[in-house]
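J.: One structure coming up, written as structure tokens, with questions to follow.
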Amino acid sequence: MASRYGKKAGSKVEKAMHERKAGTLRSGRSGKKVKSRKQAIAIGLSEARRAGGKVPSRGKKSSSRSRKKK
């Protein structure tokens with residue numbers, strides 16, 4: 001069975017985690033310091049996607065309208 005993530009994805013996530021630990025990882029436009037582990041992983045995967053690494057797609061985002069229906 002094939003792995004879901006490639007080597008590039010793993011190395012980018014690892015780099016992002018080290019930056020977070022050092023306190024130098026910053027998020028997108030706002031440039032705020034990243035404190036969350038999950039956010040650091042998301043940034044690493046996003047960088048791997050842009051670099052052409054083997055990373056699964058994000059999946060469908062559900063709209064607020066569909067969530068509010070009862």
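To be explicit about the labels: the chains of the structure tokens are called A, B, and onward in the order shown, and within each one the residues are counted from 1, while ligands get numbers from 1 in the order they are shown.
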Per DSSP on the backbone, what are the alpha helix (DSSP H) residues of chain A, as a count of residues only?
T.: 35
J.: Which polymer residues have any atom within 9 Å of an atom of Val34 in chain A, counting only C-alpha atoms, with same-chain residues fewer than 2 positions away left out, as a list in words?
T.: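 The residues satisfying every condition are Arg20, Gly23, Thr24, Leu25, Arg26, Ser27, Gly31, Lys32, Ser36, Arg37, Gln39 and Ala40 of chain A.
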J.: Let me see the file: selected residues, N, CA, C and O atoms, as a PDB file, in the first residue's frame.
T.:
```
ATOM      1  N   ARG A  20       8.612  26.448  14.982  1.00  0.00           N
ATOM      2  CA  ARG A  20       7.623  26.752  16.021  1.00  0.00           C
ATOM      3  C   ARG A  20       8.247  26.644  17.408  1.00  0.00           C
ATOM      4  O   ARG A  20       8.053  27.493  18.266  1.00  0.00           O
ATOM      5  N   GLY A  23      10.296  29.494  18.130  1.00  0.00           N
ATOM      6  CA  GLY A  23       9.542  30.740  18.227  1.00  0.00           C
ATOM      7  C   GLY A  23       9.696  31.639  17.021  1.00  0.00           C
ATOM      8  O   GLY A  23       9.412  32.834  17.096  1.00  0.00           O
ATOM      9  N   THR A  24      10.133  31.086  15.889  1.00  0.00           N
ATOM     10  CA  THR A  24      10.355  31.900  14.697  1.00  0.00           C
ATOM     11  C   THR A  24       9.326  31.637  13.599  1.00  0.00           C
ATOM     12  O   THR A  24       9.362  32.311  12.569  1.00  0.00           O
ATOM     13  N   LEU A  25       8.418  30.682  13.811  1.00  0.00           N
ATOM     14  CA  LEU A  25       7.411  30.363  12.799  1.00  0.00           C
ATOM     15  C   LEU A  25       6.292  31.388  12.856  1.00  0.00           C
ATOM     16  O   LEU A  25       5.739  31.661  13.917  1.00  0.00           O
ATOM     17  N   ARG A  26       5.983  31.964  11.691  1.00  0.00           N
ATOM     18  CA  ARG A  26       4.940  32.983  11.623  1.00  0.00           C
ATOM     19  C   ARG A  26       3.923  32.595  10.568  1.00  0.00           C
ATOM     20  O   ARG A  26       4.252  31.952   9.580  1.00  0.00           O
ATOM     21  N   SER A  27       2.673  33.008  10.794  1.00  0.00           N
ATOM     22  CA  SER A  27       1.604  32.646   9.865  1.00  0.00           C
ATOM     23  C   SER A  27       1.442  33.697   8.778  1.00  0.00           C
ATOM     24  O   SER A  27       1.865  34.850   8.940  1.00  0.00           O
ATOM     25  N   GLY A  31       1.318  37.624   9.942  1.00  0.00           N
ATOM     26  CA  GLY A  31       2.668  37.483  10.481  1.00  0.00           C
ATOM     27  C   GLY A  31       2.695  37.201  11.969  1.00  0.00           C
ATOM     28  O   GLY A  31       3.713  37.389  12.623  1.00  0.00           O
ATOM     29  N   LYS A  32       1.562  36.729  12.510  1.00  0.00           N
ATOM     30  CA  LYS A  32       1.513  36.411  13.938  1.00  0.00           C
ATOM     31  C   LYS A  32       2.336  35.161  14.224  1.00  0.00           C
ATOM     32  O   LYS A  32       2.428  34.262  13.391  1.00  0.00           O
ATOM     33  N   SER A  36       0.389  27.038  18.001  1.00  0.00           N
ATOM     34  CA  SER A  36      -0.322  25.773  17.909  1.00  0.00           C
ATOM     35  C   SER A  36       0.466  24.727  17.115  1.00  0.00           C
ATOM     36  O   SER A  36       1.027  25.023  16.061  1.00  0.00           O
ATOM     37  N   ARG A  37       0.483  23.494  17.627  1.00  0.00           N
ATOM     38  CA  ARG A  37       1.137  22.379  16.943  1.00  0.00           C
ATOM     39  C   ARG A  37       0.422  22.066  15.631  1.00  0.00           C
ATOM     40  O   ARG A  37       1.047  21.841  14.601  1.00  0.00           O
ATOM     41  N   GLN A  39      -1.367  24.060  13.773  1.00  0.00           N
ATOM     42  CA  GLN A  39      -1.142  25.123  12.793  1.00  0.00           C
ATOM     43  C   GLN A  39       0.226  24.958  12.150  1.00  0.00           C
ATOM     44  O   GLN A  39       0.383  25.169  10.949  1.00  0.00           O
ATOM     45  N   ALA A  40       1.227  24.568  12.930  1.00  0.00           N
ATOM     46  CA  ALA A  40       2.572  24.354  12.395  1.00  0.00           C
ATOM     47  C   ALA A  40       2.563  23.219  11.367  1.00  0.00           C
ATOM     48  O   ALA A  40       3.201  23.329  10.309  1.00  0.00           O
TER      49      ALA A  40
END
```
J.: Taking into account only C-alpha atoms, which residue in the set A:Arg4, A:Lys15, A:Ala9, A:Ser30 is nearest to Ala48 in chain A?
T.: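 Closest candidate: A:Ala9.
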J.: Fewer than 4 positions away in the same chain doesn't count, so skip those; otherwise give me all residues within 8 Å of Ala42 in chain A, counting only C-alpha atoms, as a ChimeraX atom specification.
T.: /A:13,38,46
J.: Please dump the current selection as a CSV table (one decimal), in the first residue's frame; keep C-alpha atoms.
T.:
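What landed in part.csv:
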```
chain,number,residue,atom,x,y,z
A,13,VAL,CA,6.5,19.6,8.5
A,38,LYS,CA,-1.7,21.8,14.5
A,46,SER,CA,1.0,23.8,2.7
```
J.: Tell me which of A:Lys8, A:Gly28, A:Ala22, A:Ser3 sits closest to Gly53 in chain A, counting only C-alpha atoms.
T.: A:Lys8
J.: Can you measure CA of Lys7 in chain A to CA of Lys54 in chain A for me? One decimal in Å is fine.
T.: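 So the answer is 7.9 Å.
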